[in-house]
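The file coords-v6.txt comes next; it holds compact mmCIF, C-alpha atoms.
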```
# COMPACT_ATOMS: atom_id res chain seq x y z
CA MET A 21 51.00 -7.94 -19.14
CA GLU A 22 49.19 -11.24 -19.54
CA GLY A 23 50.71 -14.56 -20.54
CA GLY A 24 49.16 -16.98 -22.99
CA ALA A 25 47.40 -18.90 -20.25
CA GLY A 26 46.17 -15.75 -18.52
CA ASP A 27 49.00 -15.77 -15.97
CA GLU A 28 50.21 -12.37 -14.84
CA MET A 29 53.72 -11.53 -16.01
CA ALA A 30 56.17 -8.83 -15.00
CA PRO A 31 56.72 -6.19 -17.70
CA TYR A 32 60.16 -5.90 -19.25
CA ARG A 33 62.57 -3.57 -17.48
CA ALA A 34 66.14 -3.10 -18.68
CA GLU A 35 68.94 -4.24 -16.37
CA PHE A 36 72.71 -3.90 -16.43
CA VAL A 37 74.77 -6.96 -17.27
CA PRO A 38 75.86 -8.63 -14.00
CA GLY A 39 79.24 -7.33 -12.89
CA TYR A 40 79.10 -4.25 -15.12
CA SER A 41 80.71 -1.21 -13.50
CA LEU A 42 79.48 2.24 -14.50
CA PRO A 43 82.04 5.03 -14.95
CA ARG A 44 81.86 7.75 -12.32
CA ALA A 45 80.18 11.06 -13.21
CA SER A 46 81.03 14.17 -11.18
CA CYS A 47 79.06 16.71 -13.24
CA ILE A 48 75.51 15.49 -12.43
CA THR A 49 73.84 17.14 -9.44
CA SER A 50 70.16 16.37 -10.18
CA LEU A 51 68.68 13.12 -11.46
CA ASP A 52 65.20 11.95 -12.47
CA PHE A 53 63.87 9.23 -14.75
CA PRO A 54 60.76 10.65 -16.46
CA LYS A 55 58.55 8.33 -18.43
CA LEU A 56 58.53 8.69 -22.19
CA LEU A 57 55.17 7.93 -23.75
CA SER A 58 54.55 7.15 -27.39
CA PRO A 59 51.35 6.13 -29.18
CA GLU A 60 50.84 2.43 -29.70
CA THR A 61 48.13 0.98 -31.90
CA ILE A 62 46.13 -1.72 -30.15
CA TRP A 63 43.67 -3.69 -32.24
CA VAL A 64 40.40 -4.46 -30.50
CA GLU A 65 38.40 -6.88 -32.64
CA THR A 66 37.92 -4.90 -35.87
CA TRP A 67 39.02 -1.39 -34.83
CA ALA A 68 42.24 0.25 -33.69
CA LEU A 69 42.80 2.12 -30.43
CA ASP A 70 45.78 4.44 -30.03
CA MET A 71 47.06 4.19 -26.46
CA PRO A 72 50.17 5.73 -24.90
CA CYS A 73 52.81 3.21 -23.88
CA ASP A 74 55.95 3.47 -21.80
CA GLU A 75 59.32 3.53 -23.50
CA ASN A 76 62.87 3.24 -22.22
CA GLU A 77 61.80 1.76 -18.90
CA ILE A 78 64.61 0.49 -16.71
CA SER A 79 64.42 -1.34 -13.41
CA MET A 80 64.68 0.41 -10.06
CA PRO A 81 67.94 -1.40 -9.15
CA ALA A 82 69.40 -0.11 -12.44
CA ARG A 83 68.26 3.42 -11.63
CA LEU A 84 69.89 3.18 -8.22
CA SER A 85 73.10 1.95 -9.87
CA ILE A 86 73.10 5.01 -12.14
CA ALA A 87 72.52 7.32 -9.18
CA SER A 88 75.32 5.61 -7.25
CA ALA A 89 77.73 6.47 -10.07
CA CYS A 90 76.93 10.21 -9.78
CA SER A 91 79.43 11.29 -7.15
CA ALA A 92 78.16 14.90 -6.94
CA LEU A 93 74.44 14.09 -6.90
CA GLU A 94 72.36 16.36 -4.65
CA ASN A 95 68.74 16.05 -5.85
CA PHE A 96 67.25 12.63 -6.64
CA ARG A 97 63.71 11.65 -7.70
CA LEU A 98 62.87 7.96 -7.85
CA ASP A 99 59.75 6.06 -8.90
CA LEU A 100 59.53 2.92 -6.75
CA VAL A 101 57.27 1.06 -9.15
CA ASP A 102 58.16 -2.61 -9.59
CA GLU A 103 55.08 -4.22 -11.22
CA ILE A 104 56.36 -7.68 -10.32
CA PRO A 105 53.33 -9.88 -9.56
CA SER A 106 53.05 -11.95 -6.40
CA SER A 107 53.11 -15.04 -8.62
CA GLU A 108 56.84 -14.38 -9.16
CA PRO A 109 58.23 -14.65 -5.58
CA ASN A 110 61.81 -15.38 -6.65
CA MET A 111 61.87 -12.39 -8.97
CA ARG A 112 60.41 -10.15 -6.26
CA SER A 113 62.98 -11.35 -3.74
CA THR A 114 65.86 -10.70 -6.14
CA TRP A 115 64.47 -7.27 -7.01
CA ARG A 116 64.04 -6.25 -3.37
CA THR A 117 67.52 -7.42 -2.40
CA ALA A 118 69.05 -5.49 -5.29
CA ALA A 119 66.99 -2.38 -4.44
CA ALA A 120 68.05 -2.46 -0.78
CA GLN A 121 71.68 -2.83 -1.83
CA GLY A 122 71.25 0.06 -4.26
CA PHE A 123 69.98 2.36 -1.49
CA SER A 124 73.01 1.51 0.63
CA GLN A 125 75.35 2.56 -2.20
CA LEU A 126 73.82 5.96 -2.97
CA PRO A 127 76.28 8.87 -2.69
CA ARG A 128 76.36 10.79 0.57
CA THR A 129 76.15 14.04 -1.39
CA ILE A 130 72.36 13.62 -1.83
CA LYS A 131 70.47 16.16 0.28
CA ASP A 132 67.07 16.25 -1.42
CA MET A 133 65.16 13.04 -2.20
CA THR A 134 61.67 12.38 -3.57
CA LEU A 135 60.24 8.86 -3.66
CA TYR A 136 56.93 8.24 -5.37
CA ARG A 137 54.75 5.80 -7.26
CA GLY A 138 52.29 6.47 -10.04
CA ASP A 139 50.03 3.85 -8.49
CA SER A 140 49.83 2.94 -4.82
CA GLY A 141 52.52 0.79 -3.30
CA ARG A 142 54.43 0.29 -0.11
CA LEU A 143 57.91 0.65 1.27
CA ASP A 144 59.07 -2.76 2.43
CA GLU A 145 62.64 -4.02 2.61
CA SER A 146 63.90 -0.71 1.22
CA ALA A 147 62.48 1.08 4.28
CA LYS A 148 65.35 -0.14 6.47
CA GLN A 149 67.96 1.29 4.12
CA LEU A 150 65.89 4.44 3.60
CA GLN A 151 65.74 5.12 7.33
CA MET A 152 69.53 5.09 7.59
CA PHE A 153 70.00 7.07 4.37
CA SER A 154 67.44 9.71 5.39
CA MET A 155 69.66 10.77 8.28
CA GLN A 156 71.89 12.69 5.86
CA LEU A 157 69.04 14.49 4.03
CA ARG A 158 67.73 18.03 4.26
CA HIS A 159 64.53 17.35 2.33
CA LEU A 160 62.60 14.08 2.06
CA ARG A 161 59.32 13.69 0.17
CA ILE A 162 57.46 10.39 -0.08
CA GLU A 163 54.38 10.42 -2.30
CA SER A 164 51.60 7.90 -3.01
CA LEU A 165 53.03 5.09 -0.92
CA GLU A 166 51.88 3.09 2.04
CA ILE A 167 54.12 4.36 4.81
CA LEU A 168 55.08 1.62 7.21
CA ARG A 169 54.58 2.80 10.77
CA GLY A 170 58.12 1.74 11.63
CA LEU A 171 59.83 3.75 8.89
CA PHE A 172 61.06 6.43 11.28
CA CYS A 173 60.50 4.72 14.61
CA PRO A 174 60.99 0.95 14.20
CA ASP A 175 59.75 -0.22 17.57
CA GLY A 176 57.35 2.46 18.71
CA LEU A 177 58.65 4.40 21.68
CA GLY A 178 62.17 3.01 21.50
CA LEU A 179 64.15 4.82 18.82
CA PRO A 180 67.57 3.26 18.25
CA ILE A 181 70.34 5.37 19.72
CA GLU A 182 71.75 6.13 16.26
CA ALA A 183 68.41 7.44 14.94
CA HIS A 184 69.00 11.14 14.40
CA TRP A 185 68.20 13.50 11.55
CA PRO A 186 70.49 16.49 12.22
CA TYR A 187 69.92 18.19 8.83
CA LEU A 188 66.32 17.38 7.91
CA GLU A 189 64.24 20.50 7.28
CA THR A 190 61.40 19.14 5.14
CA LEU A 191 59.47 15.90 5.64
CA HIS A 192 56.48 15.63 3.32
CA LEU A 193 54.50 12.38 3.27
CA LYS A 194 51.73 13.19 0.80
CA ASP A 195 48.90 11.05 -0.57
CA GLN A 196 49.88 8.16 1.64
CA TYR A 197 47.88 5.03 1.04
CA TYR A 198 46.02 3.34 3.88
CA VAL A 199 45.32 -0.31 3.07
CA THR A 200 41.80 -1.00 4.28
CA PRO A 201 40.67 -4.50 5.27
CA PRO A 202 37.94 -6.14 3.14
CA PHE A 203 34.75 -4.27 3.99
CA HIS A 204 31.71 -5.85 5.63
CA GLY A 205 29.05 -3.40 6.75
CA GLU A 206 28.21 -5.20 9.97
CA LEU A 207 31.85 -4.95 11.08
CA GLN A 208 32.14 -1.17 10.61
CA PRO A 209 32.95 -0.49 14.32
CA ALA A 210 35.86 -2.95 14.13
CA TYR A 211 37.23 -1.26 11.00
CA ASP A 212 36.95 2.13 12.68
CA LEU A 213 38.99 0.81 15.59
CA ILE A 214 41.65 -0.65 13.27
CA ARG A 215 41.93 2.69 11.45
CA GLU A 216 42.18 4.63 14.71
CA ARG A 217 44.93 2.36 16.03
CA TYR A 218 46.81 2.69 12.74
CA LEU A 219 46.63 6.49 12.84
CA ASN A 220 47.64 6.68 16.50
CA LYS A 221 50.65 4.45 15.92
CA LEU A 222 51.74 6.33 12.81
CA TYR A 223 51.29 9.77 14.39
CA THR A 224 53.02 8.67 17.58
CA ASN A 225 56.02 7.16 15.81
CA LEU A 226 56.36 10.24 13.62
CA GLY A 227 56.19 12.48 16.69
CA HIS A 228 58.99 10.62 18.45
CA ALA A 229 61.14 10.80 15.33
CA ALA A 230 60.41 14.53 14.91
CA GLN A 231 62.01 15.17 18.30
CA LYS A 232 65.25 13.96 16.69
CA MET A 233 65.03 16.55 13.88
CA PRO A 234 66.44 19.82 15.30
CA CYS A 235 66.38 21.69 11.96
CA LEU A 236 62.80 20.75 11.10
CA LYS A 237 60.74 23.47 9.39
CA SER A 238 57.92 21.60 7.68
CA VAL A 239 56.10 18.29 8.17
CA ILE A 240 53.08 17.35 6.07
CA LEU A 241 51.24 14.04 6.31
CA THR A 242 48.20 13.50 4.08
CA PHE A 243 46.36 10.41 2.88
CA ARG A 244 44.96 9.48 -0.49
CA ASN A 245 42.01 7.57 0.95
CA LEU A 246 41.55 8.99 4.47
CA ASP A 247 40.29 12.44 5.49
CA HIS A 248 43.09 12.91 8.00
CA GLU A 249 46.02 15.33 7.94
CA LEU A 250 48.88 16.45 10.13
CA GLU A 251 51.07 19.48 9.53
CA LEU A 252 53.91 21.17 11.36
CA SER A 253 54.87 24.58 9.99
CA ILE A 254 56.43 27.87 11.02
CA LYS A 255 54.06 30.83 11.39
CA ASN A 256 54.98 34.16 12.96
CA LYS A 257 58.27 32.69 14.18
CA ARG A 258 56.44 29.94 16.08
CA TYR A 259 55.97 26.28 15.26
CA ASN A 260 52.35 25.40 14.61
CA LEU A 261 51.08 21.79 14.77
CA THR A 262 47.65 21.20 13.22
CA LEU A 263 45.70 17.96 13.09
CA CYS A 264 42.51 16.97 11.28
CA VAL A 265 40.20 14.95 13.55
CA MET A 266 37.63 13.56 11.10
CA ASP A 267 35.49 10.47 11.83
CA ASN A 268 35.39 11.26 15.56
CA TYR A 269 39.12 10.59 15.81
CA GLN A 270 40.74 11.89 18.97
CA PRO A 271 44.52 12.01 19.48
CA SER A 272 45.69 9.47 22.01
CA HIS A 273 47.71 10.14 25.14
CA GLU A 274 50.70 8.56 23.36
CA PHE A 275 50.27 11.00 20.47
CA LEU A 276 50.22 14.01 22.82
CA GLU A 277 53.31 12.78 24.64
CA ALA A 278 55.22 12.02 21.43
CA TRP A 279 54.61 15.52 20.07
CA LYS A 280 55.12 17.10 23.52
CA VAL A 281 51.85 19.00 23.20
CA PRO A 282 51.73 21.75 25.87
CA GLY A 283 49.20 20.86 28.53
CA GLU A 284 48.56 17.62 26.58
CA SER A 285 45.63 19.32 24.86
CA LEU A 286 45.10 20.44 21.26
CA GLN A 287 42.93 23.53 20.83
CA PRO A 288 40.11 23.96 18.24
CA CYS A 289 40.97 25.96 15.12
CA ILE A 290 39.59 26.66 11.61
CA ASN A 291 36.48 24.53 12.22
CA LYS A 292 35.29 21.63 14.36
CA PHE A 293 37.46 19.13 12.49
CA TRP A 294 40.81 20.77 13.25
CA ARG A 295 42.97 21.05 16.36
CA GLU A 296 46.25 22.88 16.89
CA THR A 297 49.01 23.80 19.29
CA THR A 298 52.06 26.04 19.05
CA TYR A 299 55.66 25.83 20.21
CA PRO A 300 58.15 28.68 20.66
CA SER A 301 60.97 26.52 19.27
CA TRP A 302 61.76 23.09 17.87
CA PRO A 303 62.27 20.55 19.22
CA PRO A 304 60.09 21.53 22.17
CA SER A 305 61.77 21.45 25.55
```
Have the structure of the file written as structure tokens, please.
Amino acid sequence: MEGGAGDEMAPYRAEFVPGYSLPRASCITSLDFPKLLSPETIWVETWALDMPCDENEISMPARLSIASACSALENFRLDLVDEIPSSEPNMRSTWRTAAAQGFSQLPRTIKDMTLYRGDSGRLDESAKQLQMFSMQLRHLRIESLEILRGLFCPDGLGLPIEAHWPYLETLHLKDQYYVTPPFHGELQPAYDLIRERYLNKLYTNLGHAAQKMPCLKSVILTFRNLDHELELSIKNKRYNLTLCVMDNYQPSHEFLEAWKVPGESLQPCINKFWRETTYPSWPPS
């Protein structure tokens, strides 16, 4: 939305009145907030254009408040869109604080969570609360977001002692968004190095966290704007780790150690861009 002087403005999102307490609901086990679209006539000079517009939009903190009031909630889908421009720092700070508080108040009955954005965004302050909350989940899916490398392993090799995901079976991080630096052709080698370091750190952190997931059955990591993939799946009663090695990427020693790759070597599979290894059980001994 644009203001009269061309300044970017945050779109309206409904909020609860401060101090309002929602009644508890024990009959709701699954919750989503789908968008409702209706035609809106937009006049462009001398002709009309019918465009779909969002209706009944409420803020993410309000959605989290509703979810927190559902004491039997098991399955929760949440769009993390905020659309608050950087020109509104106070509003963004208030929104993020409220969102982080909302995550901390979600019911412990939730076992299946999907977080997504229609456009690309990132997990920021909410990531800290999400890491703690994810330790109770069986299934976690994060779609179309920039995954911070510290989401599951905050300081690289050193997982905090309490970091443990005893129930997690599914971890799908699909269409993740890699934020590329401004491109200058003559600096291509530097950008390649930045991308490689990013991937190594992300893969390594994820590998260390995966060792703390004894019930793990499926891991998928894909990117919206990078031709790289990682997948852990069960095939023929064995755990199979596959990795796409596009753009001359080679897994680092830290990656191989984090995933406890047998012999510290991934074997070719499918075609020249893929490598794999197998484990008899998970986590590997």
- Selection: 8 Å around Ser79 of chain A, only C-alpha atoms, excl. self and same-chain fewer than 3 positions, as a ChimeraX atom specification: /A:33-35,82-83,102
- Neighbours of segment 151-165 of chain A within 6 Å (all atoms listed in the file; same-chain residues fewer than 5 positions away dropped), as a list of chain:residue names? A:Lys131, A:Asp132, A:Met133, A:Thr134, A:Leu135, A:Tyr136, A:Arg137, A:Ser140, A:Gly141, A:Arg142, A:Trp185, A:Tyr187, A:Leu188, A:Glu189, A:Thr190, A:Leu191, A:His192, A:Leu193, A:Lys194, A:Asp195, A:Gln196, A:Tyr197
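Separating atom CA of Lys221 of chain A from atom CA of Pro271 of chain A is a distance of 10.4 Å.
Every polymer residue reaching to within 8 Å of (78.1, 9.3, -14.2), counting all atoms listed in the file, appears in this list: Leu42, Pro43, Arg44, Ala45, Ser46, Cys47, Ile48, Ile86, Ala87, Ala89, Cys90 and Ser91 of chain A.
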Hey, can you spit out that residue selection with C-alpha atoms as an mmCIF file, in the frame of the given file?
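part_6.cif, written as the output of this step:
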```cif
data_model
loop_
_atom_site.group_PDB
_atom_site.id
_atom_site.type_symbol
_atom_site.label_atom_id
_atom_site.label_comp_id
_atom_site.auth_asym_id
_atom_site.auth_seq_id
_atom_site.Cartn_x
_atom_site.Cartn_y
_atom_site.Cartn_z
ATOM 1 C CA LEU A 42 79.480 2.240 -14.500
ATOM 2 C CA PRO A 43 82.040 5.030 -14.950
ATOM 3 C CA ARG A 44 81.860 7.750 -12.320
ATOM 4 C CA ALA A 45 80.180 11.060 -13.210
ATOM 5 C CA SER A 46 81.030 14.170 -11.180
ATOM 6 C CA CYS A 47 79.060 16.710 -13.240
ATOM 7 C CA ILE A 48 75.510 15.490 -12.430
ATOM 8 C CA ILE A 86 73.100 5.010 -12.140
ATOM 9 C CA ALA A 87 72.520 7.320 -9.180
ATOM 10 C CA ALA A 89 77.730 6.470 -10.070
ATOM 11 C CA CYS A 90 76.930 10.210 -9.780
ATOM 12 C CA SER A 91 79.430 11.290 -7.150
#
```
- Item | Distance of atom CA of Gly227 of chain A from atom CA of His184 of chain A, expressed in Å to one decimal place | 13.1 Å
- re atom CA of Thr298 of chain A and atom CA of Pro282 of chain A: distance 8.1 Å
- If you count all atoms listed in the file, which residues fall within 10 Å of segment 248-255 of chain A, apart from same-chain ones fewer than 5 positions away, as JSON, numbers by chain? {"A": [190, 191, 192, 193, 194, 195, 219, 223, 230, 236, 237, 238, 239, 240, 241, 242, 243, 260, 261, 262, 263, 264, 265, 266, 267, 269, 293, 294, 295, 296, 297, 298, 299, 300, 301, 302]}
- Message: Give me the residues near Leu51 of chain A as a list of chain:residue names, where near means some atom within 7 Å (using all atoms listed in the file) and where sequence neighbours in that chain fewer than 6 positions away do not count.
- Response: A:Asn95, A:Phe96, A:Arg97
